[in-house]
Amino acid sequence: MTTQEVKRKLTAILSADVKGYSRLMGADEEGTLRTLTAYREIMATFIQQHQGRVVNAPGDALLAELESVVEVVKCAVEIQRELAKRNAELPTDRRMEYRIGINLGDVMVDGESIYGDGVNIAARLEGIADAGGICISGTVYDHVKNKLPLGYEYRGEQNVKNISGPVRVYRVLMEPEAVGKVIGEKKAKPRQWQRGILSLVILLIVVVAVIAIYHFYFRPTPRPIEVASKEKMAFQLPDKPSIAVLPFVNMSDDPKQEFFSDGLTEDLIAVLSKVPNLFVIARNSTFTYKGKHVKVQQVAEDLGVRYVLEGSIQKAGDRVRITAQLIDAVKGYHVWSEQYDQEIKDIFALQDKITLQILKALDVKLTWGEGGRISGRGTNNLQAYLKFLEARELCLQLNKESNFKARQLAEEVIRLDPQFPSGYGLLAVVTSMDVWLGISQSPKESMMKAIGLEQKAISLDDSNASAHAYLGFLYVNIREYEKGLAEGARAIEMAPNLADAHAYFAFGLNYIGRPEEALVHSNMAFRLNPVRPPAYYYMSAALAYRLTGRYEDAVKMCKEVLSRWPTQFYGHVELVMAYMAWGRDDEARAAAQDLLRIDPKFSVQRYGQSLSYKDPALTAQALELMRKAGLPD
């Protein structure tokens, strides 16, 4: 979106998420998913009834906009009251309680999406709200205070993350006895405003003096941090330093720069993943916190890590300012913090510098070979790097339109810097995605071209673990099993914390007939990327479970995929086979009908040609399961 194309509007924004969602998923994934789906439908219905629309609903979060600020508060109250009734029917530890934040603000419009401080404030208010409660901004309160049969509690002016200036916050009181009450507001007495101003001036002078003396004579201490509880962690702490890198916040006014701040975060995660003496959470999991006001304590408990890295990035022209701080969530203190201000052309050197300072702070020592390997090869061409980041974001959308745009950008990256390895690796992913998305006119030719591109990336930078991992996956798909396993093992050796490498390697082990080993790597991929991992993590696990006779677990994996991606073709196919192998014939036939609704031209024989099992008996077994379920030959 260029500056000239930016469209703005004033709208009422509702932001909601589930308190303790990771705990619920850890205790009962299938039950939590059922409740989440039902509650999300309830919320969408109320929003529609109040002339609103759901903008986005990733994971447990929901963002909506409504035309009327009165209607959005009425809608939120009705949602919370209805969900409270539903929760009353559930055991205490299975109740799913939403927090809701509401703001009235100016937003930027990009297609169906909305951006800007108006949205961010709603998200921050959501983080302040109690479970089952609603917090509104002062702007909303000014519009609704005398229009609805509700009460309000003034929470004061609060400084919220990445918003300049304090925000007035009110908690909505929904109890009948609270109607008409406003708790906590203090009004100045008549004719005393002059005295108030004088007192304020005196107070400001005192505050400034105290701050000056404090900074002159004393060393500042960091803000207090709530301590994370090891007992409350969703996963057991690893036996080596464990870290989650939160998405760096884009401090620029231009939402187009989001991919730049996201790109820096991803690159830091990728570099840290190469360090064998660390345990590093993957990108998908940490990016579930993007745009949310979360405590470091919560992140550590949700992901089972001790350290959390957070920061911000502000790009202006050819310069970039980055702030970063490393926090020990278990002990509740800042381990290290730094601010960098330099030319963007040195971004890769800066990434390496940040990485080495993190390792120093964690007392993680590198051998001579490891020190050279984590750096990798970047580019000094700013334009190429920015286009690469934009193309990488498009790849994650997994649809034909975004893949077409990503191809154009990836080809331009290579033209701008033919020596930038990641450009070739990205084009390899795009090219193979043409096969998975049904775009390629010649799947075999596309696969061979993708392999050549990954080989080119590796020839330019042999330390590129992602390139080795994906090359191994491609080799297995063309039945070059030994090459595939060798590349996959090499990737894990180079970057033991690269979750995708474990997931791709698991696929190879499945197809070569070693599903028990595949489960080991599949479980490692999920541990490194425990929140909202990509679909192929589940598909790899589902395949391994079916091949080892654990059919119920295979079905669970397939259902998780289809709950998030209802039209995911491979999830439907594997569900049919898992049900039939389990002896649940009726469910298998029903799943087969669902598959045919997704792909009316499905053919067992044609699908069989895409299977990459080394043992022909496994291919024959898969085809027989599909035929028994009633799928056409």
# chains A, B, ... in the order shown; residues from 1 in each chain; ligands from 1
>>> select_by_dssp(residues="segment 320-467 of chain A", states="strand (DSSP E)", output="PyMOL selection string")
chain A and resi 320-328+333-343
>>> closest_residue(among="A:Thr567, A:Asn56, A:Ser402, A:Ser229", to="Ser113 of chain A", atoms="only C-alpha atoms")
A:Asn56
>>> residues_around(residues="segment 438-441 of chain A", least_positions_apart="5", cutoff="12 Å", atoms="only C-alpha atoms", output="VMD selection string")
chain A and resid 398 to 401 403 to 404 430 to 433 446 to 447 449 to 450 569 599
>>> atom_distance(atom1="atom CA of Gly311 of chain A", atom2="atom CA of Tyr333 of chain A")
15.5 Å
